[in-house]
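File shown: start.csv. Contents: CSV, C-alpha atoms.
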chain,number,residue,atom,x,y,z
A,1,MET,CA,0.0,0.0,0.0
A,2,ALA,CA,1.5,3.3,-1.1
A,3,HIS,CA,2.2,5.9,1.6
A,4,LEU,CA,2.7,9.6,0.8
A,5,GLU,CA,4.3,11.8,3.4
A,6,ILE,CA,4.8,15.5,3.3
A,7,LYS,CA,6.9,17.3,5.8
A,8,ASP,CA,7.5,21.0,6.3
A,9,LEU,CA,6.4,21.9,2.8
A,10,SER,CA,6.6,25.6,2.0
A,11,LYS,CA,5.9,27.6,-1.2
A,12,SER,CA,5.8,31.3,-1.8
A,13,PHE,CA,5.0,33.4,-4.9
A,14,GLY,CA,6.9,36.6,-4.4
A,15,ARG,CA,5.9,37.9,-1.0
A,16,LYS,CA,2.8,35.8,-0.8
A,17,GLN,CA,3.4,32.7,1.4
A,18,VAL,CA,1.0,30.1,0.1
A,19,LEU,CA,2.2,27.0,1.9
A,20,ASP,CA,3.9,27.3,5.2
A,21,GLY,CA,5.4,24.2,6.8
A,22,LEU,CA,2.5,22.0,5.6
A,23,GLU,CA,2.4,18.4,6.9
A,24,LEU,CA,0.3,15.6,5.5
A,25,ARG,CA,0.2,11.8,5.4
A,26,LEU,CA,-1.9,9.9,2.9
A,27,THR,CA,-2.1,6.1,2.6
A,28,ALA,CA,-3.7,4.0,0.0
A,29,GLY,CA,-7.1,3.0,1.3
A,30,GLU,CA,-8.3,6.4,2.3
A,31,ILE,CA,-9.7,9.6,0.7
A,32,VAL,CA,-8.4,12.8,2.3
A,33,ALA,CA,-10.2,16.0,1.4
A,34,VAL,CA,-8.4,19.3,1.3
A,35,MET,CA,-10.8,22.2,1.5
A,36,GLY,CA,-10.0,25.9,1.5
A,37,ARG,CA,-10.9,29.2,0.0
A,38,ASN,CA,-9.8,30.2,-3.5
A,39,GLY,CA,-6.2,31.1,-3.5
A,40,SER,CA,-5.5,29.2,-0.3
A,41,GLY,CA,-3.0,26.9,-2.0
A,42,LYS,CA,-4.9,23.7,-2.8
A,43,SER,CA,-3.9,23.7,-6.4
A,44,THR,CA,-0.4,24.7,-5.6
A,45,LEU,CA,-0.1,21.8,-3.3
A,46,PHE,CA,-1.3,19.4,-6.0
A,47,GLN,CA,1.0,20.8,-8.6
A,48,ILE,CA,4.0,20.4,-6.3
A,49,LEU,CA,3.0,16.8,-5.6
A,50,PHE,CA,2.6,16.2,-9.4
A,51,GLY,CA,5.9,17.9,-10.1
A,52,LEU,CA,4.7,20.8,-12.1
A,53,ILE,CA,6.1,23.4,-9.7
A,54,LYS,CA,8.9,23.2,-7.1
A,55,ALA,CA,8.5,23.8,-3.4
A,56,ASN,CA,10.8,26.3,-1.7
A,57,ARG,CA,11.3,24.0,1.2
A,58,GLY,CA,10.1,20.6,2.5
A,59,ARG,CA,10.3,16.9,1.9
A,60,VAL,CA,7.8,14.7,0.0
A,61,THR,CA,8.2,10.9,0.0
A,62,ILE,CA,6.3,8.0,-1.3
A,63,ASP,CA,7.0,4.7,0.6
A,64,GLY,CA,10.1,6.4,1.9
A,65,PHE,CA,11.5,7.3,-1.5
A,66,PRO,CA,11.8,11.0,-2.7
A,67,LEU,CA,8.9,12.1,-4.9
A,68,THR,CA,11.4,12.5,-7.8
A,69,LYS,CA,11.9,8.7,-7.8
A,70,ARG,CA,8.2,8.0,-7.7
A,71,ARG,CA,6.8,10.5,-10.2
A,72,ASP,CA,4.9,7.9,-12.1
A,73,TRP,CA,3.0,6.9,-9.0
A,74,VAL,CA,1.0,10.1,-8.9
A,75,GLY,CA,-2.0,10.9,-11.1
A,76,TYR,CA,-3.4,14.4,-11.3
A,77,LEU,CA,-6.7,15.8,-12.3
A,78,PRO,CA,-6.1,19.6,-12.8
A,79,GLN,CA,-8.9,22.2,-12.6
A,80,TYR,CA,-8.4,23.1,-16.3
A,81,ALA,CA,-9.2,21.2,-19.5
A,82,PHE,CA,-6.3,18.9,-20.3
A,83,LEU,CA,-7.6,16.1,-22.5
A,84,PRO,CA,-6.6,16.3,-26.2
A,85,SER,CA,-9.6,18.1,-27.7
A,86,ARG,CA,-9.3,16.7,-31.3
A,87,LEU,CA,-9.9,13.1,-30.2
A,88,ARG,CA,-13.2,11.4,-30.1
A,89,VAL,CA,-14.2,10.1,-26.7
A,90,ARG,CA,-14.3,6.5,-28.0
A,91,THR,CA,-10.8,6.8,-29.4
A,92,LEU,CA,-9.5,8.4,-26.2
A,93,ILE,CA,-10.9,5.7,-24.0
A,94,GLN,CA,-9.6,2.9,-26.3
A,95,SER,CA,-6.1,4.4,-26.7
A,96,SER,CA,-5.5,5.5,-23.2
A,97,GLN,CA,-6.6,2.4,-21.3
A,98,ALA,CA,-4.4,-0.6,-21.4
A,99,SER,CA,-6.8,-3.2,-20.0
A,100,GLU,CA,-10.1,-4.2,-21.6
A,101,GLU,CA,-11.7,-4.3,-18.2
A,102,ALA,CA,-11.0,-0.6,-17.7
A,103,ARG,CA,-12.2,0.3,-21.1
A,104,ASP,CA,-15.5,-1.6,-20.5
A,105,ALA,CA,-16.0,-0.1,-17.1
A,106,ILE,CA,-15.7,3.4,-18.6
A,107,PHE,CA,-17.9,2.7,-21.6
A,108,TYR,CA,-20.6,1.3,-19.3
A,109,ALA,CA,-20.4,4.2,-16.9
A,110,PRO,CA,-23.6,6.4,-16.9
A,111,LYS,CA,-23.8,8.9,-19.8
A,112,ILE,CA,-20.7,7.8,-21.6
A,113,SER,CA,-22.6,6.0,-24.4
A,114,LYS,CA,-24.3,9.4,-25.2
A,115,ILE,CA,-21.0,11.2,-25.7
A,116,GLU,CA,-18.7,8.4,-27.0
A,117,ASN,CA,-18.9,9.6,-30.6
A,118,HIS,CA,-18.3,13.3,-29.7
A,119,PHE,CA,-15.0,15.0,-29.9
A,120,VAL,CA,-13.5,15.9,-26.5
A,121,GLY,CA,-13.5,19.5,-27.6
A,122,GLN,CA,-17.3,19.4,-28.0
A,123,LEU,CA,-18.0,18.2,-24.5
A,124,SER,CA,-19.3,20.5,-21.8
A,125,VAL,CA,-17.0,21.4,-18.9
A,126,GLY,CA,-18.9,18.9,-16.6
A,127,GLU,CA,-18.7,16.1,-19.2
A,128,ARG,CA,-15.0,16.6,-19.6
A,129,ARG,CA,-14.3,16.5,-15.9
A,130,TYR,CA,-16.4,13.4,-15.6
A,131,LEU,CA,-14.6,11.6,-18.4
A,132,ALA,CA,-11.2,12.7,-17.1
A,133,THR,CA,-11.9,11.5,-13.6
A,134,LEU,CA,-13.0,8.1,-15.0
A,135,LEU,CA,-9.9,7.8,-17.3
A,136,LEU,CA,-7.5,8.7,-14.5
A,137,GLY,CA,-9.2,6.5,-11.9
A,138,HIS,CA,-8.7,3.5,-14.1
A,139,LEU,CA,-5.0,4.0,-14.4
A,140,GLN,CA,-2.6,2.4,-12.0
A,141,HIS,CA,-1.3,5.4,-10.0
A,142,PRO,CA,-1.3,4.4,-6.3
A,143,ILE,CA,-1.8,8.1,-5.4
A,144,LEU,CA,-4.5,10.2,-7.1
A,145,LEU,CA,-4.8,14.0,-6.8
A,146,LEU,CA,-8.2,15.3,-7.8
A,147,ASP,CA,-8.6,19.1,-8.0
A,148,GLU,CA,-12.4,19.8,-8.1
A,149,PRO,CA,-13.6,16.5,-9.6
A,150,LEU,CA,-17.2,17.3,-8.8
A,151,SER,CA,-17.2,20.8,-10.3
A,152,MET,CA,-20.0,21.3,-12.9
A,153,LEU,CA,-21.1,17.7,-12.8
A,154,GLU,CA,-24.8,16.9,-13.1
A,155,PRO,CA,-26.3,15.0,-10.1
A,156,ILE,CA,-26.2,11.5,-11.7
A,157,GLN,CA,-22.6,11.9,-12.7
A,158,MET,CA,-21.7,13.3,-9.2
A,159,ASP,CA,-23.3,10.3,-7.5
A,160,TYR,CA,-21.5,7.9,-9.8
A,161,ILE,CA,-18.1,9.7,-9.2
A,162,LYS,CA,-18.6,9.6,-5.4
A,163,THR,CA,-19.3,5.8,-5.6
A,164,PHE,CA,-16.4,5.4,-8.0
A,165,LEU,CA,-14.0,7.2,-5.6
A,166,GLN,CA,-15.1,4.8,-2.8
A,167,GLY,CA,-14.2,1.9,-5.1
A,168,LEU,CA,-10.8,3.4,-5.8
A,169,LYS,CA,-9.8,3.3,-2.2
A,170,ALA,CA,-9.1,-0.4,-2.5
A,171,THR,CA,-5.9,0.3,-4.4
A,172,LYS,CA,-5.2,4.0,-4.1
A,173,GLY,CA,-4.9,6.9,-1.8
A,174,VAL,CA,-7.0,9.8,-3.0
A,175,LEU,CA,-6.4,13.5,-2.2
A,176,LEU,CA,-9.4,15.5,-3.1
A,177,ALA,CA,-10.1,19.2,-3.2
A,178,ASP,CA,-13.5,20.7,-4.0
A,179,HIS,CA,-15.9,23.4,-2.9
A,180,TYR,CA,-18.9,21.1,-2.8
A,181,TYR,CA,-18.3,20.7,0.9
A,182,GLU,CA,-21.4,18.6,1.7
A,183,ASP,CA,-20.4,16.0,-0.9
A,184,VAL,CA,-16.8,16.2,0.2
A,185,LEU,CA,-17.7,15.8,3.9
A,186,GLN,CA,-19.8,12.8,2.9
A,187,THR,CA,-17.1,11.2,0.7
A,188,ALA,CA,-13.8,11.7,2.5
A,189,ASP,CA,-12.4,9.7,5.3
A,190,ARG,CA,-10.4,12.6,6.7
A,191,LYS,CA,-11.1,16.3,6.1
A,192,LEU,CA,-8.6,19.1,6.2
A,193,LEU,CA,-8.9,22.8,5.8
A,194,LEU,CA,-6.0,24.6,4.2
A,195,GLN,CA,-5.6,27.9,5.9
A,196,ASP,CA,-2.7,30.3,6.3
A,197,GLY,CA,-0.5,27.7,4.5
A,198,LYS,CA,-1.2,24.9,6.9
A,199,LEU,CA,-3.7,22.0,7.1
A,200,GLN,CA,-6.1,21.9,10.0
A,201,PRO,CA,-8.3,18.8,10.7
A,202,VAL,CA,-12.1,19.4,10.4
A,203,SER,CA,-15.0,17.0,10.8
A,204,ASN,CA,-18.2,18.8,9.9
A,205,LYS,CA,-19.9,22.0,8.8
A,206,VAL,CA,-19.7,23.6,12.3
A,207,ASP,CA,-15.9,23.3,12.1
A,208,LEU,CA,-15.9,24.9,8.7
A,209,VAL,CA,-18.0,27.8,9.9
A,210,GLN,CA,-15.9,28.3,13.0
A,211,MET,CA,-12.7,28.3,10.9
A,212,GLY,CA,-14.2,30.9,8.6
A,213,TYR,CA,-14.5,28.8,5.4
A,214,LEU,CA,-18.3,28.8,5.5
A,215,PRO,CA,-20.6,31.7,6.4
A,216,LYS,CA,-22.8,31.2,9.5
A,217,SER,CA,-25.8,31.2,7.2
A,218,ARG,CA,-24.8,27.7,5.9
A,219,LEU,CA,-25.4,26.1,9.3
B,220,MET,CA,6.4,-1.1,-9.1
B,221,ASN,CA,7.0,0.2,-12.6
B,222,LEU,CA,4.0,1.7,-14.3
B,223,PRO,CA,3.8,1.0,-18.0
B,224,ARG,CA,4.0,4.0,-20.4
B,225,ASN,CA,1.2,4.0,-22.9
B,226,LYS,CA,2.8,4.3,-26.4
B,227,GLN,CA,-0.5,4.8,-28.1
B,228,VAL,CA,-1.1,8.2,-26.6
B,229,LEU,CA,2.4,9.2,-27.6
B,230,TRP,CA,1.4,8.9,-31.3
B,231,GLN,CA,-1.4,11.4,-30.7
B,232,TYR,CA,1.2,13.9,-29.5
B,233,TYR,CA,3.4,13.1,-32.5
B,234,ILE,CA,0.5,13.7,-34.9
B,235,ASP,CA,-0.5,17.0,-33.2
B,236,VAL,CA,3.1,18.4,-33.3
B,237,SER,CA,3.6,17.2,-36.9
B,238,VAL,CA,0.5,19.0,-38.0
B,239,TYR,CA,2.0,22.3,-36.9
B,240,ASN,CA,5.4,21.3,-38.4
B,241,LEU,CA,3.8,20.4,-41.7
B,242,ALA,CA,1.8,23.6,-41.8
B,243,VAL,CA,4.8,25.8,-41.2
B,244,SER,CA,7.0,23.8,-43.7
B,245,PHE,CA,4.2,23.9,-46.3
B,246,LEU,CA,3.9,27.7,-46.1
B,247,VAL,CA,7.7,28.0,-46.5
B,248,SER,CA,7.6,25.7,-49.5
B,249,LEU,CA,5.0,27.8,-51.1
B,250,TYR,CA,7.1,31.0,-50.9
B,251,THR,CA,10.5,29.4,-51.5
B,252,HIS,CA,11.1,25.9,-52.8
B,253,VAL,CA,9.8,22.5,-51.6
B,254,ILE,CA,13.4,21.5,-50.6
B,255,TRP,CA,13.5,24.4,-48.1
B,256,GLY,CA,10.2,23.3,-46.7
B,257,MET,CA,11.6,19.8,-46.2
B,258,LEU,CA,14.8,21.1,-44.6
B,259,LEU,CA,12.7,23.2,-42.3
B,260,TYR,CA,10.6,20.2,-41.4
B,261,VAL,CA,13.6,18.3,-40.1
B,262,SER,CA,15.3,21.2,-38.4
B,263,PHE,CA,13.8,24.4,-37.0
B,264,GLY,CA,10.3,23.4,-38.0
B,265,TYR,CA,10.2,20.9,-35.2
B,266,LEU,CA,11.1,23.6,-32.7
B,267,ILE,CA,8.5,26.0,-34.1
B,268,ALA,CA,5.9,23.2,-34.0
B,269,LEU,CA,6.8,22.5,-30.3
B,270,GLY,CA,6.3,26.2,-29.6
B,271,CYS,CA,2.9,26.2,-31.4
B,272,TYR,CA,1.9,23.1,-29.5
B,273,GLN,CA,2.9,24.7,-26.2
B,274,TYR,CA,0.9,27.8,-27.0
B,275,PHE,CA,-2.3,26.2,-28.3
B,276,GLN,CA,-2.3,22.9,-26.5
B,277,GLY,CA,0.0,23.3,-23.5
B,278,PRO,CA,-2.3,22.0,-20.9
B,279,THR,CA,-2.4,18.6,-22.6
B,280,TYR,CA,1.1,17.9,-21.3
B,281,VAL,CA,-0.6,17.1,-18.0
B,282,PHE,CA,-2.6,14.4,-19.8
B,283,TYR,CA,0.6,12.8,-21.2
B,284,ARG,CA,2.3,13.2,-17.9
B,285,ASN,CA,-0.5,11.2,-16.3
B,286,TRP,CA,0.1,8.5,-18.9
B,287,GLY,CA,3.8,8.3,-18.0
B,288,TRP,CA,5.3,10.7,-20.5
B,289,THR,CA,7.2,13.8,-19.3
B,290,LYS,CA,7.6,16.7,-21.6
B,291,PRO,CA,11.4,16.3,-22.2
B,292,ARG,CA,11.0,12.6,-22.8
B,293,MET,CA,8.3,13.1,-25.4
B,294,MET,CA,10.3,15.9,-27.1
B,295,LEU,CA,13.3,13.6,-27.3
B,296,ARG,CA,11.3,10.7,-28.7
B,297,LEU,CA,9.7,12.9,-31.3
B,298,GLY,CA,13.1,14.4,-32.3
B,299,ILE,CA,14.5,10.9,-32.8
B,300,ILE,CA,11.4,9.8,-34.8
B,301,ASN,CA,11.7,12.9,-37.0
B,302,CYS,CA,15.4,12.2,-37.6
B,303,LEU,CA,14.5,8.7,-38.7
B,304,ILE,CA,11.5,9.6,-40.9
B,305,ALA,CA,12.9,12.8,-42.5
B,306,PRO,CA,15.8,11.2,-44.4
B,307,LEU,CA,13.5,8.5,-45.6
B,308,ALA,CA,11.0,11.1,-46.9
B,309,GLY,CA,13.8,13.1,-48.5
B,310,ALA,CA,15.1,10.0,-50.2
B,311,ILE,CA,11.6,9.2,-51.6
B,312,TYR,CA,11.3,12.8,-52.8
B,313,LEU,CA,14.6,12.7,-54.6
B,314,CYS,CA,13.7,9.3,-56.2
B,315,VAL,CA,10.5,10.8,-57.5
B,316,LEU,CA,12.3,13.8,-58.9
B,317,TRP,CA,14.9,11.5,-60.5
B,318,LEU,CA,12.1,9.3,-62.1
B,319,ILE,CA,10.2,12.2,-63.6
Could you show the structure in this file as structure tokens?
Amino acid sequence: MAHLEIKDLSKSFGRKQVLDGLELRLTAGEIVAVMGRNGSGKSTLFQILFGLIKANRGRVTIDGFPLTKRRDWVGYLPQYAFLPSRLRVRTLIQSSQASEEARDAIFYAPKISKIENHFVGQLSVGERRYLATLLLGHLQHPILLLDEPLSMLEPIQMDYIKTFLQGLKATKGVLLADHYYEDVLQTADRKLLLQDGKLQPVSNKVDLVQMGYLPKSRL
Amino acid sequence: MNLPRNKQVLWQYYIDVSVYNLAVSFLVSLYTHVIWGMLLYVSFGYLIALGCYQYFQGPTYVFYRNWGWTKPRMMLRLGIINCLIAPLAGAIYLCVLWLI
């Protein structure tokens, strides 16, 4: 079972300190949610873990090995559109999934049959995110970073993805960031709030209100 | 554990970059001579195409990275493929010229 460990991670952009001595442990078999306001550093954290940007300080290991030796172990769903837009959905599924089992699972997922002959570029934002999450989830990365996977999904897709994520826990550790806090609270095994560059444990809406992420009117 | 790199997705990258390369080389051929277009295709055209790809389709590097292909590794592979294909294409072109 893969084990990701982050120690004393710091990152600043100019004078703005985004991450400040952040600590986190993630083990395959759990879903850990990272919540936080826009600009709090969630995407920065994910990009560091995926190797797109470098931290100023800190140590990230997977099973005791430095992240640089385990880059292929981490899958990443970014916030932005990243699938090749000129491919048809069917072609993308067939060419990107090595196992027939994975291809079948994606083709039989809700709503995929309706879009399988469309070009990726023709899909709505929600459809793209749904497809991307399915594609990534069926790859073999032991650690999966999902930046707003529920964003813009229709309810049936959202429910399917939440169930799908629970299934992924058998082989992966999932780090999840999203603003759909009720779905996140329901899906994640551990919930953390990223605030002032550090992660604080939270367990429910009351905590999120007390820590200033949610307005009191949401209680 | 070694995760397998998916070679099929690399071909999509090659096609996308080559489309930019072909377009630039074709334009140069129109205004100069076809041989200059071919020379461009195997030299700076590749670099221009990489720049175009980065500009128009840069975010897809994350897609390839997820499938095990880092940007430098893909660029190197494509450079090697270009070096292998280009002399072959040049030889075919010269043969056609010689025949007609």
Straight-line distance linking CA of Phe65 in chain A with CA of Glu30 in chain A, stated in Å to one decimal: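 It comes out at 20.2 Å.
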Within 8 Å of range 295-300 of chain B, counting only C-alpha atoms, which residues qualify if same-chain residues fewer than 3 places away don't, as a list of chain:residue names? B:Tyr233, B:Tyr265, B:Pro291, B:Arg292, B:Leu303, B:Ile304
Per-residue nearest contacts chain A to chain B, cut-off 10 Å, using all atoms listed in the file, as a Markdown table:
| residue | atom | partner | partner_atom | distance |
| --- | --- | --- | --- | --- |
| A:Phe50 | CA | B:Arg284 | CA | 9.0 |
| A:Gly51 | CA | B:Arg284 | CA | 9.8 |
| A:Leu52 | CA | B:Val281 | CA | 8.8 |
| A:Arg70 | CA | B:Asn221 | CA | 9.3 |
| A:Arg71 | CA | B:Gly287 | CA | 8.6 |
| A:Asp72 | CA | B:Gly287 | CA | 6.0 |
| A:Trp73 | CA | B:Leu222 | CA | 7.5 |
| A:Val74 | CA | B:Asn285 | CA | 7.6 |
| A:Gly75 | CA | B:Asn285 | CA | 5.4 |
| A:Tyr76 | CA | B:Asn285 | CA | 6.6 |
| A:Leu77 | CA | B:Val281 | CA | 8.4 |
| A:Pro78 | CA | B:Val281 | CA | 8.0 |
| A:Tyr80 | CA | B:Pro278 | CA | 7.7 |
| A:Ala81 | CA | B:Pro278 | CA | 7.1 |
| A:Phe82 | CA | B:Thr279 | CA | 4.5 |
| A:Leu83 | CA | B:Thr279 | CA | 5.8 |
| A:Pro84 | CA | B:Thr279 | CA | 6.0 |
| A:Ser85 | CA | B:Gln276 | CA | 8.8 |
| A:Arg86 | CA | B:Asp235 | CA | 9.0 |
| A:Leu87 | CA | B:Gln231 | CA | 8.7 |
| A:Leu92 | CA | B:Val228 | CA | 8.4 |
| A:Gln94 | CA | B:Gln227 | CA | 9.5 |
| A:Ser95 | CA | B:Gln227 | CA | 5.8 |
| A:Ser96 | CA | B:Val228 | CA | 6.2 |
| A:Gln97 | CA | B:Asn225 | CA | 8.1 |
| A:Ala98 | CA | B:Asn225 | CA | 7.4 |
| A:Ala132 | CA | B:Phe282 | CA | 9.2 |
| A:Leu136 | CA | B:Asn285 | CA | 7.6 |
| A:Leu139 | CA | B:Trp286 | CA | 8.2 |
| A:Gln140 | CA | B:Leu222 | CA | 7.0 |
| A:His141 | CA | B:Leu222 | CA | 7.8 |
| A:Pro142 | CA | B:Met220 | CA | 9.9 |
Atomic distance CA of Phe263 in chain B - CA of Thr251 in chain B, expressed in Å with one decimal: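 So the answer is 15.7 Å.
Going from CA of Asp147 in chain A over to CA of Ile234 in chain B, you cover 28.9 Å.
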Residues near Asn204 in chain A, anyone? I mean within 10 Å using only C-alpha atoms, not counting same-chain ones fewer than 4 positions away, as a count of residues only. 7
Compile the contact shell of range 236-248 of chain B as an MDAnalysis selection string: residues with an atom at most 10 Å away, counting only C-alpha atoms, same-chain residues fewer than 5 positions apart removed. chainID B and resid 230:231 253:273 276 294 297 301
Is it possible to produce a file of range 182-212 of chain A from this structure, with N, CA and C atoms, as a PDB file, in the first residue's frame?
ATOM      1  N   GLU A 182     -20.516  19.651   1.134  1.00  0.00           N
ATOM      2  CA  GLU A 182     -21.383  18.596   1.674  1.00  0.00           C
ATOM      3  C   GLU A 182     -21.028  17.240   1.056  1.00  0.00           C
ATOM      4  N   ASP A 183     -20.777  17.251  -0.242  1.00  0.00           N
ATOM      5  CA  ASP A 183     -20.369  16.002  -0.913  1.00  0.00           C
ATOM      6  C   ASP A 183     -18.989  15.561  -0.441  1.00  0.00           C
ATOM      7  N   VAL A 184     -18.111  16.536  -0.228  1.00  0.00           N
ATOM      8  CA  VAL A 184     -16.759  16.223   0.237  1.00  0.00           C
ATOM      9  C   VAL A 184     -16.793  15.636   1.646  1.00  0.00           C
ATOM     10  N   LEU A 185     -17.584  16.262   2.526  1.00  0.00           N
ATOM     11  CA  LEU A 185     -17.692  15.757   3.909  1.00  0.00           C
ATOM     12  C   LEU A 185     -18.241  14.333   3.927  1.00  0.00           C
ATOM     13  N   GLN A 186     -19.134  14.071   2.987  1.00  0.00           N
ATOM     14  CA  GLN A 186     -19.770  12.753   2.902  1.00  0.00           C
ATOM     15  C   GLN A 186     -18.802  11.707   2.323  1.00  0.00           C
ATOM     16  N   THR A 187     -17.939  12.120   1.398  1.00  0.00           N
ATOM     17  CA  THR A 187     -17.098  11.170   0.655  1.00  0.00           C
ATOM     18  C   THR A 187     -15.770  10.866   1.349  1.00  0.00           C
ATOM     19  N   ALA A 188     -15.184  11.896   1.975  1.00  0.00           N
ATOM     20  CA  ALA A 188     -13.804  11.741   2.467  1.00  0.00           C
ATOM     21  C   ALA A 188     -13.746  11.043   3.828  1.00  0.00           C
ATOM     22  N   ASP A 189     -12.665  10.309   4.044  1.00  0.00           N
ATOM     23  CA  ASP A 189     -12.430   9.662   5.340  1.00  0.00           C
ATOM     24  C   ASP A 189     -11.842  10.654   6.341  1.00  0.00           C
ATOM     25  N   ARG A 190     -10.975  11.529   5.826  1.00  0.00           N
ATOM     26  CA  ARG A 190     -10.409  12.597   6.674  1.00  0.00           C
ATOM     27  C   ARG A 190     -10.598  13.909   5.941  1.00  0.00           C
ATOM     28  N   LYS A 191     -10.917  14.954   6.680  1.00  0.00           N
ATOM     29  CA  LYS A 191     -11.143  16.261   6.071  1.00  0.00           C
ATOM     30  C   LYS A 191     -10.170  17.264   6.676  1.00  0.00           C
ATOM     31  N   LEU A 192      -9.569  18.061   5.791  1.00  0.00           N
ATOM     32  CA  LEU A 192      -8.596  19.055   6.245  1.00  0.00           C
ATOM     33  C   LEU A 192      -8.929  20.400   5.623  1.00  0.00           C
ATOM     34  N   LEU A 193      -8.665  21.445   6.367  1.00  0.00           N
ATOM     35  CA  LEU A 193      -8.877  22.788   5.837  1.00  0.00           C
ATOM     36  C   LEU A 193      -7.516  23.457   5.673  1.00  0.00           C
ATOM     37  N   LEU A 194      -7.264  23.925   4.461  1.00  0.00           N
ATOM     38  CA  LEU A 194      -6.000  24.610   4.189  1.00  0.00           C
ATOM     39  C   LEU A 194      -6.192  26.097   4.458  1.00  0.00           C
ATOM     40  N   GLN A 195      -5.485  26.564   5.465  1.00  0.00           N
ATOM     41  CA  GLN A 195      -5.650  27.948   5.905  1.00  0.00           C
ATOM     42  C   GLN A 195      -4.300  28.476   6.371  1.00  0.00           C
ATOM     43  N   ASP A 196      -3.937  29.647   5.915  1.00  0.00           N
ATOM     44  CA  ASP A 196      -2.653  30.252   6.287  1.00  0.00           C
ATOM     45  C   ASP A 196      -1.480  29.302   6.009  1.00  0.00           C
ATOM     46  N   GLY A 197      -1.598  28.552   4.942  1.00  0.00           N
ATOM     47  CA  GLY A 197      -0.485  27.699   4.511  1.00  0.00           C
ATOM     48  C   GLY A 197      -0.355  26.378   5.233  1.00  0.00           C
ATOM     49  N   LYS A 198      -1.284  26.120   6.164  1.00  0.00           N
ATOM     50  CA  LYS A 198      -1.206  24.875   6.937  1.00  0.00           C
ATOM     51  C   LYS A 198      -2.535  24.121   6.876  1.00  0.00           C
ATOM     52  N   LEU A 199      -2.473  22.816   7.113  1.00  0.00           N
ATOM     53  CA  LEU A 199      -3.683  21.997   7.102  1.00  0.00           C
ATOM     54  C   LEU A 199      -4.192  21.785   8.521  1.00  0.00           C
ATOM     55  N   GLN A 200      -5.481  22.055   8.708  1.00  0.00           N
ATOM     56  CA  GLN A 200      -6.103  21.857  10.019  1.00  0.00           C
ATOM     57  C   GLN A 200      -7.193  20.793   9.872  1.00  0.00           C
ATOM     58  N   PRO A 201      -7.278  19.841  10.786  1.00  0.00           N
ATOM     59  CA  PRO A 201      -8.342  18.846  10.675  1.00  0.00           C
ATOM     60  C   PRO A 201      -9.714  19.455  10.966  1.00  0.00           C
ATOM     61  N   VAL A 202     -10.698  19.038  10.196  1.00  0.00           N
ATOM     62  CA  VAL A 202     -12.088  19.438  10.426  1.00  0.00           C
ATOM     63  C   VAL A 202     -12.947  18.182  10.306  1.00  0.00           C
ATOM     64  N   SER A 203     -14.150  18.238  10.886  1.00  0.00           N
ATOM     65  CA  SER A 203     -14.975  17.040  10.768  1.00  0.00           C
ATOM     66  C   SER A 203     -16.385  17.317  10.279  1.00  0.00           C
ATOM     67  N   ASN A 204     -16.836  18.555  10.364  1.00  0.00           N
ATOM     68  CA  ASN A 204     -18.213  18.832   9.932  1.00  0.00           C
ATOM     69  C   ASN A 204     -18.383  20.311   9.575  1.00  0.00           C
ATOM     70  N   LYS A 205     -19.616  20.660   9.245  1.00  0.00           N
ATOM     71  CA  LYS A 205     -19.906  22.030   8.814  1.00  0.00           C
ATOM     72  C   LYS A 205     -19.638  23.048   9.920  1.00  0.00           C
ATOM     73  N   VAL A 206     -19.897  22.636  11.157  1.00  0.00           N
ATOM     74  CA  VAL A 206     -19.683  23.552  12.289  1.00  0.00           C
ATOM     75  C   VAL A 206     -18.207  23.980  12.326  1.00  0.00           C
ATOM     76  N   ASP A 207     -17.316  23.007  12.156  1.00  0.00           N
ATOM     77  CA  ASP A 207     -15.881  23.329  12.141  1.00  0.00           C
ATOM     78  C   ASP A 207     -15.550  24.296  11.005  1.00  0.00           C
ATOM     79  N   LEU A 208     -16.168  24.028   9.843  1.00  0.00           N
ATOM     80  CA  LEU A 208     -15.882  24.880   8.672  1.00  0.00           C
ATOM     81  C   LEU A 208     -16.368  26.313   8.907  1.00  0.00           C
ATOM     82  N   VAL A 209     -17.487  26.447   9.614  1.00  0.00           N
ATOM     83  CA  VAL A 209     -17.995  27.786   9.945  1.00  0.00           C
ATOM     84  C   VAL A 209     -17.065  28.443  10.953  1.00  0.00           C
ATOM     85  N   GLN A 210     -16.712  27.691  11.987  1.00  0.00           N
ATOM     86  CA  GLN A 210     -15.852  28.258  13.047  1.00  0.00           C
ATOM     87  C   GLN A 210     -14.498  28.702  12.501  1.00  0.00           C
ATOM     88  N   MET A 211     -14.022  28.000  11.479  1.00  0.00           N
ATOM     89  CA  MET A 211     -12.708  28.345  10.940  1.00  0.00           C
ATOM     90  C   MET A 211     -12.781  29.335   9.781  1.00  0.00           C
ATOM     91  N   GLY A 212     -14.011  29.804   9.509  1.00  0.00           N
ATOM     92  CA  GLY A 212     -14.154  30.902   8.559  1.00  0.00           C
ATOM     93  C   GLY A 212     -14.254  30.500   7.107  1.00  0.00           C
TER      94      GLY A 212
END
